[in-house]
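query.csv follows; it contains CSV, C-alpha atoms and all ligand atoms.
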```csv
chain,number,residue,atom,x,y,z
A,18,MET,CA,0.0,0.0,0.0
A,19,ASN,CA,1.1,3.6,-0.7
A,20,GLU,CA,2.5,4.8,2.6
A,21,THR,CA,1.6,8.4,1.9
A,22,LEU,CA,-2.1,7.5,1.5
A,23,VAL,CA,-2.0,5.3,4.6
A,24,SER,CA,-0.7,8.2,6.6
A,25,LEU,CA,-3.4,10.4,5.2
A,26,VAL,CA,-6.0,7.9,6.4
A,27,ARG,CA,-4.4,8.0,9.9
A,28,LYS,CA,-4.3,11.8,9.9
A,29,LEU,CA,-8.0,11.9,8.9
A,30,LYS,CA,-8.9,9.5,11.7
A,31,LYS,CA,-7.1,11.7,14.2
A,32,THR,CA,-8.0,15.2,13.1
A,33,HIS,CA,-11.2,14.7,11.0
A,34,SER,CA,-9.9,17.1,8.4
A,35,LEU,CA,-7.8,17.1,5.3
A,36,SER,CA,-7.0,19.7,2.7
A,37,LEU,CA,-8.7,19.6,-0.7
A,38,ASP,CA,-5.5,18.3,-2.2
A,39,GLU,CA,-5.3,15.5,0.3
A,40,TYR,CA,-8.9,14.5,-0.3
A,41,HIS,CA,-8.1,14.5,-4.0
A,42,ALA,CA,-5.1,12.2,-3.4
A,43,LEU,CA,-7.2,9.8,-1.4
A,44,ILE,CA,-9.9,9.7,-4.1
A,45,VAL,CA,-7.5,9.1,-7.0
A,46,GLY,CA,-5.4,6.7,-4.9
A,47,GLN,CA,-8.3,4.2,-4.4
A,48,THR,CA,-7.1,0.6,-4.5
A,49,PRO,CA,-8.8,-2.6,-3.1
A,50,GLU,CA,-6.1,-2.8,-0.4
A,51,LEU,CA,-6.4,0.9,0.7
A,52,ALA,CA,-10.2,0.5,0.6
A,53,ALA,CA,-10.0,-2.5,2.9
A,54,PHE,CA,-7.7,-0.6,5.3
A,55,LEU,CA,-10.1,2.4,5.2
A,56,ALA,CA,-13.1,0.2,5.8
A,57,LYS,CA,-11.4,-1.4,8.8
A,58,GLU,CA,-10.6,2.0,10.3
A,59,ALA,CA,-14.1,3.3,9.6
A,60,ASP,CA,-15.7,0.2,11.2
A,61,GLU,CA,-13.6,0.7,14.3
A,62,VAL,CA,-14.6,4.3,14.6
A,63,ARG,CA,-18.3,3.5,14.1
A,64,ARG,CA,-18.2,0.6,16.6
A,65,SER,CA,-16.7,2.9,19.2
A,66,ILE,CA,-19.8,5.1,19.0
A,67,TYR,CA,-22.7,2.9,17.8
A,68,GLY,CA,-21.5,-0.7,18.6
A,69,ASN,CA,-22.9,-3.1,16.0
A,70,GLU,CA,-26.2,-1.3,15.9
A,71,VAL,CA,-27.8,-0.3,12.6
A,72,PHE,CA,-30.7,2.2,12.7
A,73,VAL,CA,-33.7,1.6,10.6
A,74,ARG,CA,-35.9,4.3,9.0
A,75,GLY,CA,-39.3,3.7,7.4
A,76,LEU,CA,-39.5,5.4,4.0
A,77,ILE,CA,-42.9,6.6,2.9
A,78,GLU,CA,-42.8,7.9,-0.7
A,79,ILE,CA,-45.7,10.4,-0.5
A,80,SER,CA,-45.7,11.8,-4.1
A,81,SER,CA,-44.2,11.1,-7.5
A,82,TYR,CA,-45.2,14.5,-8.8
A,83,CYS,CA,-42.3,16.9,-9.2
A,84,LYS,CA,-42.2,20.4,-10.6
A,85,ASN,CA,-38.4,20.2,-11.2
A,86,ASN,CA,-36.5,18.8,-14.1
A,87,CYS,CA,-33.2,17.5,-12.7
A,88,TYR,CA,-31.4,15.8,-15.6
A,89,TYR,CA,-30.7,12.6,-13.6
A,90,CYS,CA,-34.1,11.8,-12.1
A,91,GLY,CA,-37.0,9.7,-13.4
A,92,LEU,CA,-39.5,11.9,-11.6
A,93,ARG,CA,-38.5,15.0,-13.5
A,94,ARG,CA,-41.6,16.9,-14.8
A,95,GLU,CA,-40.7,16.3,-18.5
A,96,ASN,CA,-40.7,12.6,-18.1
A,97,GLY,CA,-44.1,12.0,-19.7
A,98,GLN,CA,-43.8,8.2,-19.2
A,99,ALA,CA,-43.7,8.6,-15.4
A,100,GLN,CA,-46.7,7.3,-13.5
A,101,ARG,CA,-47.7,10.0,-11.1
A,102,TYR,CA,-49.4,9.4,-7.7
A,103,ARG,CA,-49.8,11.1,-4.4
A,104,LEU,CA,-50.7,9.4,-1.2
A,105,SER,CA,-53.6,10.9,0.8
A,106,PRO,CA,-53.1,12.0,4.4
A,107,GLU,CA,-55.0,8.9,5.4
A,108,GLU,CA,-52.8,6.6,3.4
A,109,ILE,CA,-49.7,8.2,4.9
A,110,LEU,CA,-51.1,7.7,8.4
A,111,SER,CA,-51.9,4.1,7.6
A,112,CYS,CA,-48.3,3.5,6.3
A,113,ALA,CA,-47.0,5.0,9.6
A,114,ARG,CA,-49.4,2.7,11.6
A,115,GLU,CA,-48.2,-0.3,9.8
A,116,GLY,CA,-44.6,0.8,10.3
A,117,TYR,CA,-45.1,1.5,14.0
A,118,ALA,CA,-46.4,-2.1,14.4
A,119,LEU,CA,-43.3,-3.3,12.6
A,120,GLY,CA,-41.0,-1.5,15.1
A,121,PHE,CA,-40.2,1.7,13.1
A,122,ARG,CA,-39.6,4.8,15.3
A,123,THR,CA,-38.5,7.1,12.5
A,124,PHE,CA,-40.6,7.9,9.5
A,125,VAL,CA,-39.2,9.6,6.4
A,126,LEU,CA,-41.7,11.4,4.3
A,127,GLN,CA,-40.1,11.7,0.9
A,128,GLY,CA,-41.4,13.0,-2.4
A,129,GLY,CA,-40.9,15.2,-5.4
A,130,GLU,CA,-41.6,18.9,-5.1
A,131,ASP,CA,-45.4,18.7,-5.3
A,132,ALA,CA,-47.4,21.8,-4.7
A,133,TRP,CA,-50.4,19.8,-3.4
A,134,PHE,CA,-48.4,19.3,-0.2
A,135,THR,CA,-48.8,22.8,1.2
A,136,ASP,CA,-47.5,23.8,4.6
A,137,GLU,CA,-51.0,23.4,6.0
A,138,ARG,CA,-51.5,19.9,4.7
A,139,LEU,CA,-48.1,18.7,5.7
A,140,SER,CA,-48.3,20.3,9.1
A,141,ALA,CA,-51.6,18.5,9.7
A,142,ILE,CA,-50.0,15.2,8.7
A,143,ILE,CA,-46.9,15.8,10.8
A,144,ARG,CA,-49.1,16.7,13.9
A,145,GLN,CA,-51.2,13.6,13.5
A,146,ILE,CA,-48.1,11.3,13.3
A,147,LYS,CA,-46.5,13.0,16.3
A,148,ALA,CA,-49.8,12.9,18.3
A,149,GLU,CA,-50.4,9.2,17.6
A,150,PHE,CA,-46.7,8.1,17.9
A,151,SER,CA,-45.1,10.5,20.4
A,152,ASP,CA,-42.0,8.3,20.6
A,153,CYS,CA,-41.2,8.6,16.9
A,154,ALA,CA,-39.1,11.0,14.9
A,155,VAL,CA,-40.4,12.5,11.6
A,156,THR,CA,-37.9,13.2,8.9
A,157,LEU,CA,-38.9,15.2,5.8
A,158,SER,CA,-37.3,14.9,2.3
A,159,LEU,CA,-39.4,17.1,0.2
A,160,GLY,CA,-36.9,19.3,-1.6
A,161,GLU,CA,-36.4,23.0,-1.7
A,162,ARG,CA,-38.9,25.2,0.2
A,163,SER,CA,-38.8,28.7,1.8
A,164,PHE,CA,-37.5,29.5,5.2
A,165,ALA,CA,-41.0,30.2,6.4
A,166,SER,CA,-42.2,26.8,5.1
A,167,TYR,CA,-39.3,24.9,6.7
A,168,LYS,CA,-40.1,26.8,10.0
A,169,THR,CA,-43.8,26.0,9.9
A,170,LEU,CA,-43.1,22.3,9.3
A,171,PHE,CA,-40.5,22.3,12.1
A,172,GLU,CA,-43.0,23.9,14.5
A,173,ALA,CA,-45.6,21.2,13.5
A,174,GLY,CA,-43.1,18.7,14.9
A,175,ALA,CA,-40.8,17.6,12.1
A,176,ASP,CA,-37.4,16.7,13.6
A,177,ARG,CA,-35.0,16.1,10.7
A,178,TYR,CA,-34.7,17.1,7.0
A,179,LEU,CA,-32.8,15.4,4.2
A,180,LEU,CA,-31.8,17.6,1.3
A,181,ARG,CA,-28.9,16.2,-0.7
A,182,HIS,CA,-26.6,19.0,-1.9
A,183,GLU,CA,-25.9,16.8,-5.0
A,184,THR,CA,-22.5,18.4,-5.6
A,185,ALA,CA,-20.5,21.0,-3.7
A,186,ASP,CA,-19.2,22.5,-7.0
A,187,ALA,CA,-21.4,25.2,-8.6
A,188,GLU,CA,-20.4,24.4,-12.1
A,189,HIS,CA,-21.1,20.7,-11.7
A,190,TYR,CA,-24.4,21.6,-10.1
A,191,ALA,CA,-25.3,23.5,-13.2
A,192,ALA,CA,-24.4,20.4,-15.3
A,193,LEU,CA,-26.9,18.3,-13.3
A,194,HIS,CA,-29.8,20.7,-13.2
A,195,PRO,CA,-31.5,23.2,-15.5
A,196,ALA,CA,-30.9,26.9,-14.7
A,197,GLU,CA,-34.1,27.3,-12.8
A,198,LEU,CA,-32.4,25.3,-9.9
A,199,SER,CA,-29.4,27.0,-8.4
A,200,PHE,CA,-26.5,25.9,-6.2
A,201,GLU,CA,-27.0,29.1,-4.2
A,202,ASN,CA,-30.6,28.3,-3.4
A,203,ARG,CA,-29.7,24.7,-2.4
A,204,MET,CA,-27.0,26.0,0.0
A,205,ARG,CA,-29.5,28.6,1.3
A,206,CYS,CA,-32.0,25.8,2.0
A,207,LEU,CA,-29.4,23.8,3.9
A,208,ALA,CA,-28.3,26.8,6.0
A,209,ASP,CA,-32.0,27.6,6.7
A,210,LEU,CA,-32.7,24.1,7.9
A,211,ARG,CA,-29.8,24.2,10.2
A,212,LYS,CA,-30.7,27.6,11.6
A,213,ILE,CA,-34.3,26.5,12.3
A,214,GLY,CA,-33.0,23.6,14.4
A,215,TYR,CA,-33.6,20.5,12.2
A,216,ALA,CA,-31.1,17.6,12.3
A,217,VAL,CA,-29.9,18.1,8.7
A,218,GLY,CA,-28.8,15.6,6.1
A,219,CYS,CA,-27.0,16.5,2.9
A,220,GLY,CA,-25.6,14.1,0.3
A,221,PHE,CA,-24.6,13.3,-3.2
A,222,MET,CA,-24.6,10.7,-5.9
A,223,VAL,CA,-21.4,8.8,-6.7
A,224,GLY,CA,-20.5,8.8,-10.4
A,225,SER,CA,-23.0,11.4,-11.5
A,226,PRO,CA,-22.2,12.7,-15.0
A,227,GLY,CA,-19.5,15.4,-14.8
A,228,GLN,CA,-18.2,14.3,-11.4
A,229,THR,CA,-14.4,14.5,-11.0
A,230,PRO,CA,-11.9,13.9,-8.2
A,231,ASP,CA,-12.0,17.7,-7.8
A,232,THR,CA,-15.8,17.9,-7.3
A,233,LEU,CA,-15.7,14.9,-5.0
A,234,ALA,CA,-12.9,16.5,-2.9
A,235,LYS,CA,-15.2,19.5,-2.6
A,236,ASP,CA,-18.1,17.3,-1.5
A,237,LEU,CA,-15.9,15.8,1.3
A,238,LYS,CA,-14.7,19.3,2.4
A,239,PHE,CA,-18.3,20.5,2.4
A,240,VAL,CA,-19.3,17.6,4.7
A,241,GLU,CA,-16.3,18.4,6.9
A,242,THR,CA,-17.2,22.0,7.3
A,243,PHE,CA,-21.1,21.9,7.3
A,244,ARG,CA,-21.0,19.0,9.8
A,245,PRO,CA,-24.4,17.5,8.9
A,246,GLU,CA,-26.1,15.0,11.2
A,247,MET,CA,-26.8,12.8,8.2
A,248,CYS,CA,-25.3,12.2,4.8
A,249,GLY,CA,-27.0,10.2,2.0
A,250,ILE,CA,-24.7,8.9,-0.7
A,251,GLY,CA,-25.5,6.3,-3.3
A,252,PRO,CA,-24.3,5.5,-6.8
A,253,PHE,CA,-25.8,7.3,-9.8
A,254,ILE,CA,-28.0,4.9,-11.8
A,255,PRO,CA,-29.2,6.1,-15.2
A,256,HIS,CA,-33.0,6.3,-15.7
A,257,HIS,CA,-34.1,5.4,-19.2
A,258,ALA,CA,-36.4,8.4,-19.7
A,259,THR,CA,-34.0,11.2,-18.7
A,260,PRO,CA,-31.3,13.2,-20.5
A,261,PHE,CA,-28.7,11.0,-18.7
A,262,ALA,CA,-30.2,7.7,-20.0
A,263,GLY,CA,-27.0,6.8,-21.8
A,264,GLU,CA,-24.6,7.7,-19.0
A,265,VAL,CA,-22.7,5.0,-17.1
A,266,ALA,CA,-23.7,4.1,-13.5
A,267,GLY,CA,-21.5,5.0,-10.5
A,268,SER,CA,-19.6,2.2,-8.8
A,269,VAL,CA,-20.4,0.3,-5.7
A,270,ALA,CA,-16.7,0.1,-4.6
A,271,LYS,CA,-16.3,3.8,-4.9
A,272,THR,CA,-19.4,4.5,-2.9
A,273,CYS,CA,-18.2,2.2,-0.2
A,274,TYR,CA,-14.8,3.9,-0.2
A,275,LEU,CA,-16.4,7.3,0.2
A,276,LEU,CA,-18.6,6.0,3.0
A,277,SER,CA,-15.5,5.0,4.9
A,278,ILE,CA,-13.9,8.4,4.3
A,279,LEU,CA,-17.1,10.1,5.5
A,280,ARG,CA,-17.1,8.0,8.7
A,281,LEU,CA,-13.6,9.2,9.5
A,282,ILE,CA,-14.5,12.9,8.6
A,283,HIS,CA,-17.4,12.9,11.0
A,284,PRO,CA,-17.5,9.9,13.3
A,285,PRO,CA,-21.1,10.3,14.7
A,286,LEU,CA,-22.6,10.8,11.1
A,287,LEU,CA,-25.7,8.9,10.3
A,288,LEU,CA,-24.8,7.3,7.0
A,289,PRO,CA,-27.4,5.2,5.2
A,290,ALA,CA,-26.5,2.2,3.0
A,291,THR,CA,-28.9,3.3,0.3
A,292,THR,CA,-31.4,1.5,-1.9
A,293,ALA,CA,-29.3,2.6,-4.9
A,294,LEU,CA,-26.4,0.7,-3.5
A,295,GLY,CA,-28.6,-2.4,-3.1
A,296,THR,CA,-29.9,-1.9,-6.6
A,297,LEU,CA,-26.5,-2.0,-8.3
A,298,ASP,CA,-25.3,-5.0,-6.3
A,299,PRO,CA,-27.4,-7.6,-4.5
A,300,SER,CA,-25.1,-7.3,-1.4
A,301,GLY,CA,-24.5,-3.6,-1.9
A,302,ARG,CA,-26.2,-2.5,1.4
A,303,GLU,CA,-24.2,-5.1,3.3
A,304,LYS,CA,-21.0,-3.8,1.7
A,305,GLY,CA,-22.0,-0.3,2.7
A,306,VAL,CA,-22.5,-1.2,6.3
A,307,LEU,CA,-19.2,-3.0,6.4
A,308,SER,CA,-17.6,0.1,5.0
A,309,GLY,CA,-19.0,2.4,7.7
A,310,ALA,CA,-22.7,3.0,7.0
A,311,ASN,CA,-25.1,2.7,10.0
A,312,VAL,CA,-28.6,3.3,8.7
A,313,VAL,CA,-30.9,1.3,6.4
A,314,MET,CA,-34.2,2.6,5.0
A,315,PRO,CA,-36.7,-0.1,4.1
A,316,ASN,CA,-39.7,0.9,2.1
A,317,LEU,CA,-43.0,1.5,3.9
A,318,SER,CA,-44.9,2.8,0.9
A,319,PRO,CA,-48.0,0.9,-0.3
A,320,VAL,CA,-46.9,-1.8,-2.7
A,321,SER,CA,-49.4,-0.4,-5.2
A,322,VAL,CA,-47.4,2.7,-5.7
A,323,ARG,CA,-43.8,1.5,-5.3
A,324,LYS,CA,-43.0,1.0,-8.9
A,325,LYS,CA,-44.2,4.5,-9.7
A,326,TYR,CA,-41.6,6.1,-7.5
A,327,GLU,CA,-38.9,5.4,-10.0
A,328,LEU,CA,-35.9,7.7,-9.6
A,329,TYR,CA,-33.7,5.3,-11.5
A,330,ASN,CA,-33.8,2.0,-13.4
A,331,GLY,CA,-34.2,-1.3,-11.6
A,332,LYS,CA,-35.0,0.1,-8.1
A,333,ILE,CA,-35.3,-2.8,-5.7
A,334,CYS,CA,-37.9,-3.5,-3.0
A,335,THR,CA,-40.8,-2.5,-5.3
A,336,GLY,CA,-42.8,-5.8,-5.0
A,337,GLU,CA,-42.4,-6.6,-1.3
A,338,GLU,CA,-44.8,-5.8,1.5
A,339,SER,CA,-43.4,-3.6,4.2
A,340,ALA,CA,-43.1,-6.5,6.7
A,341,GLU,CA,-41.1,-8.5,4.1
A,342,CYS,CA,-38.7,-5.6,3.5
A,343,ARG,CA,-38.2,-5.1,7.2
A,344,GLY,CA,-37.5,-8.8,7.8
A,345,CYS,CA,-35.3,-9.0,4.8
A,346,LEU,CA,-33.0,-6.2,6.0
A,347,ASP,CA,-33.0,-7.7,9.6
A,348,ARG,CA,-31.6,-10.9,8.1
A,349,ARG,CA,-29.2,-9.2,5.9
A,350,MET,CA,-27.7,-7.2,8.7
A,351,GLU,CA,-27.6,-10.2,11.0
A,352,SER,CA,-25.7,-12.2,8.3
A,353,ILE,CA,-22.8,-9.7,8.6
A,354,GLY,CA,-22.8,-9.4,12.4
A,355,TYR,CA,-24.9,-6.3,12.8
A,356,ARG,CA,-28.2,-5.7,14.6
A,357,VAL,CA,-31.1,-3.6,13.4
A,358,VAL,CA,-32.3,-1.6,16.4
A,359,VAL,CA,-35.7,-0.3,17.3
A,360,SER,CA,-35.2,3.2,18.4
A,361,ARG,CA,-35.4,6.8,17.1
A,362,GLY,CA,-31.7,6.5,16.4
A,363,ASP,CA,-31.0,10.1,17.2
A,364,PRO,CA,-27.7,11.5,16.1
A,365,LYS,CA,-25.1,11.4,18.9
A,366,SER,CA,-23.8,14.7,20.0
A,367,THR,CA,-21.2,15.9,17.6
A,368,PRO,CA,-17.8,16.5,19.1
A,369,GLN,CA,-16.2,19.7,18.1
A,370,LYS,CA,-13.0,19.9,16.1
A,371,GLY,CA,-10.1,19.1,18.2
A,372,ASP,CA,-11.7,16.7,20.6
A,373,HIS,CA,-11.3,13.1,19.5
A,401,LIG,N1,-29.5,7.7,-9.6
A,401,LIG,C1,-29.2,7.7,-8.3
A,401,LIG,N2,-29.8,8.5,-7.4
A,401,LIG,C2,-30.7,9.4,-7.9
A,401,LIG,N3,-31.4,10.4,-7.3
A,401,LIG,C3,-32.2,10.9,-8.2
A,401,LIG,N4,-32.0,10.3,-9.4
A,401,LIG,C4,-31.1,9.4,-9.2
A,401,LIG,C5,-30.5,8.5,-10.1
A,401,LIG,N5,-30.8,8.4,-11.4
A,401,LIG,C6,-31.2,10.8,-5.9
A,401,LIG,C7,-30.8,12.2,-5.8
A,401,LIG,C8,-31.9,12.8,-5.0
A,401,LIG,C9,-32.5,11.7,-4.3
A,401,LIG,C10,-33.9,11.8,-3.9
A,401,LIG,O1,-32.3,10.6,-5.2
A,401,LIG,O2,-29.5,12.4,-5.1
A,401,LIG,O3,-31.5,13.8,-4.1
A,402,LIG,FE1,-37.8,16.3,-8.4
A,402,LIG,FE2,-36.0,15.5,-6.6
A,402,LIG,FE3,-36.2,14.1,-8.9
A,402,LIG,FE4,-35.1,16.6,-8.9
A,402,LIG,S1,-34.3,14.7,-7.8
A,402,LIG,S2,-36.7,15.8,-10.3
A,402,LIG,S3,-36.3,17.6,-7.3
A,402,LIG,S4,-37.8,14.3,-7.3
A,403,LIG,FE1,-36.7,-4.6,0.6
A,403,LIG,FE2,-35.0,-6.8,0.9
A,403,LIG,S1,-34.9,-4.8,1.8
A,403,LIG,S2,-37.0,-6.6,0.0
```
Is it possible to express this structure as structure tokens?
Ligand code: 5AD
Ligand code: SF4
Ligand code: FES
Amino acid sequence: MNETLVSLVRKLKKTHSLSLDEYHALIVGQTPELAAFLAKEADEVRRSIYGNEVFVRGLIEISSYCKNNCYYCGLRRENGQAQRYRLSPEEILSCAREGYALGFRTFVLQGGEDAWFTDERLSAIIRQIKAEFSDCAVTLSLGERSFASYKTLFEAGADRYLLRHETADAEHYAALHPAELSFENRMRCLADLRKIGYAVGCGFMVGSPGQTPDTLAKDLKFVETFRPEMCGIGPFIPHHATPFAGEVAGSVAKTCYLLSILRLIHPPLLLPATTALGTLDPSGREKGVLSGANVVMPNLSPVSVRKKYELYNGKICTGEESAECRGCLDRRMESIGYRVVVSRGDPKSTPQKGDH
């Protein structure tokens, strides 16, 4: 193994910070041996905080309508082949009830940017979930909204918000999105969420078109400085009815490598082994956890709509009932020596720079 890179890994483990050039060197220096070393270090750090516990979040995909037109996503508004649906508040509540009975204590309401879900409607749904399940956390993943909207939803009881930054490089951002979406606004949203008091998740795709070691180094630096509670990363997977239909998918190995680096950057980070990882490789989520991930997100959406929430080709878990998905993940985690735990799985307090 390259000794310079090994010493960079050791430095990162100790100081939780590298320069952009050092991140760049780690990214381009990926080898199977270095990846194995990094994964071992990441696993050790994760075990020192979370033991062998993996948190579970119940994902409820509330709407496949989206007003945006991201070049990579199957739900983009110009995809005329997409099947659109939206769950009613009653359907969302009944997914949560089913999830609660299955042991879920965090519900993630995720959807495209759908104007039907006004602050009033969402607040009512959040209040109902919190009233009925007071021991549960509600996470939202509903895209860009105004400060006032985020605040209203927080006051209704939402605890956490996931909004991937997609890339920390403004030019790359513009290559992934039409001009109506801006990097500045995405960053504004993340800062607003933080200011309001949410536990915040950012994240990015691995292998998105136009991504380079430079843009990835910026993503790592962004996570280092923004210090999110959560970070969702998964491989880019082309969707057949998008402008990126002909692009190549990201790699499972690189995603795992980056998961390990992220664990060392910010040890208490909640890091999901994503569905996209499991879609590209049947044991992708297991590999993700072994590399440092500590969250899995089985699907709680009604089976009747699952195929319609098609962000990318071949998405897994579209035919299984919620209970099957839950049981499947339990077994998968057990098979690699981890335990799926029933709890809200709140982020651990985040040590400040310098104390390790
Ligand atoms: N491949 C992988 N991930 C995707 N996402 C959207 N489209 C794709 C795709 N084709 C991710 C984006 C978005 C999240 C909801 O799903 O990162 O933020
Ligand atoms: Fe809409 Fe999100 Fe897909 Fe963009 S990534 S088109 S905002 S659902
Ligand atoms: Fe959904 Fe295996 S996790 S079916």
Using only C-alpha atoms and all ligand atoms, what are the residues with an atom within 7 Å of ligand LIG 402 (chain A), set out as a list of chain:residue names? A:Cys83, A:Lys84, A:Asn85, A:Asn86, A:Cys87, A:Cys90, A:Gly91, A:Leu92, A:Arg93, A:Arg94, A:Gly128, A:Gly129, A:Glu130, A:Gly160, A:Leu328
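Selecting all polymer residues at most 10 Å from ligand LIG 403 (chain A), using all atoms listed in the file, gives Thr292, Gly295, Pro299, Arg302, Val313, Met314, Pro315, Asn316, Leu317, Ile333, Cys334, Thr335, Gly336, Glu337, Glu338, Ser339, Ala340, Glu341, Cys342, Arg343, Gly344, Cys345, Leu346, Asp347, Arg348 and Arg349 of chain A.
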Using all atoms listed in the file, find each residue with an atom at most 6 Å away from ligand LIG 401 (chain A) and format the answer as a ChimeraX atom specification. /A:89-90,181,183,221-222,252-256,328-329
Range 212-227 of chain A: axis-aligned bounding box, 5 Å on each side, centre and edge lengths in Å, one decimal, as AutoDock Vina command-line options:
```
--center_x -26.9 --center_y 18.2 --center_z -0.3 --size_x 24.8 --size_y 28.8 --size_z 39.4
```
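The residue that comes closest to Val62 in chain A, out of A:His283, A:Lys147, A:Lys325, A:Lys365 and on the basis of all atoms listed in the file, is A:His283.
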Any idea what the distance is between CA of Ser140 in chain A and CA of Thr123 in chain A? 16.8 Å
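Counting only C-alpha atoms and comparing A:Val217, A:Leu159, A:Ala148, A:Ile282, the residue that lies closest to Tyr82 in chain A is A:Leu159.
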Close residues, Leu55 in chain A itself excluded, 8 Å, all atoms listed in the file, min 2 positions apart in chain, as an MDAnalysis selection string: chainID A and resid 26 51:53 57:59 274 277:278 308
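Atom pair CA of Thr48 in chain A / CA of Cys273 in chain A: separated by 12.0 Å.
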CA of Glu95 in chain A sits from CA of Ser158 in chain A at a separation of 21.1 Å
Who sits within 12 Å of Thr169 in chain A, only C-alpha atoms, same chain under 4 positions skipped, as a VMD selection string: chain A and resid 135 to 141 143 to 144 162 to 165 173 to 176 210 213 to 215
Would you mind exporting range 255-260 of chain A with all heavy atoms, as a CSV table (one decimal), in the first residue's frame?
```csv
chain,number,residue,atom,x,y,z
A,255,PRO,N,-28.5,5.4,-14.2
A,255,PRO,CA,-29.2,6.1,-15.2
A,255,PRO,C,-30.7,5.6,-15.2
A,255,PRO,O,-31.0,4.5,-14.9
A,255,PRO,CB,-28.5,5.6,-16.5
A,255,PRO,CG,-27.6,4.5,-16.1
A,255,PRO,CD,-27.4,4.6,-14.7
A,256,HIS,N,-31.5,6.6,-15.6
A,256,HIS,CA,-33.0,6.3,-15.7
A,256,HIS,C,-33.2,6.4,-17.2
A,256,HIS,O,-32.9,7.4,-17.8
A,256,HIS,CB,-33.8,7.3,-14.9
A,256,HIS,CG,-35.3,7.0,-15.1
A,256,HIS,ND1,-36.0,7.4,-16.2
A,256,HIS,CD2,-36.1,6.3,-14.2
A,256,HIS,CE1,-37.3,7.0,-16.0
A,256,HIS,NE2,-37.4,6.3,-14.9
A,257,HIS,N,-34.0,5.5,-17.8
A,257,HIS,CA,-34.1,5.4,-19.2
A,257,HIS,C,-34.8,6.6,-19.9
A,257,HIS,O,-34.7,6.9,-21.1
A,257,HIS,CB,-34.9,4.1,-19.6
A,257,HIS,CG,-36.2,4.0,-18.9
A,257,HIS,ND1,-37.4,4.5,-19.5
A,257,HIS,CD2,-36.6,3.6,-17.7
A,257,HIS,CE1,-38.4,4.3,-18.7
A,257,HIS,NE2,-38.0,3.8,-17.6
A,258,ALA,N,-35.6,7.3,-19.1
A,258,ALA,CA,-36.4,8.4,-19.7
A,258,ALA,C,-35.9,9.8,-19.2
A,258,ALA,O,-36.7,10.7,-19.0
A,258,ALA,CB,-37.9,8.3,-19.4
A,259,THR,N,-34.6,9.9,-19.1
A,259,THR,CA,-34.0,11.2,-18.7
A,259,THR,C,-32.9,11.5,-19.7
A,259,THR,O,-32.4,10.7,-20.4
A,259,THR,CB,-33.4,11.1,-17.3
A,259,THR,OG1,-32.3,10.1,-17.3
A,259,THR,CG2,-34.4,10.7,-16.2
A,260,PRO,N,-32.4,12.8,-19.6
A,260,PRO,CA,-31.3,13.2,-20.5
A,260,PRO,C,-30.0,12.3,-20.2
A,260,PRO,O,-29.1,12.2,-21.1
A,260,PRO,CB,-31.1,14.6,-20.2
A,260,PRO,CG,-32.4,15.1,-19.6
A,260,PRO,CD,-33.0,13.9,-18.9
```
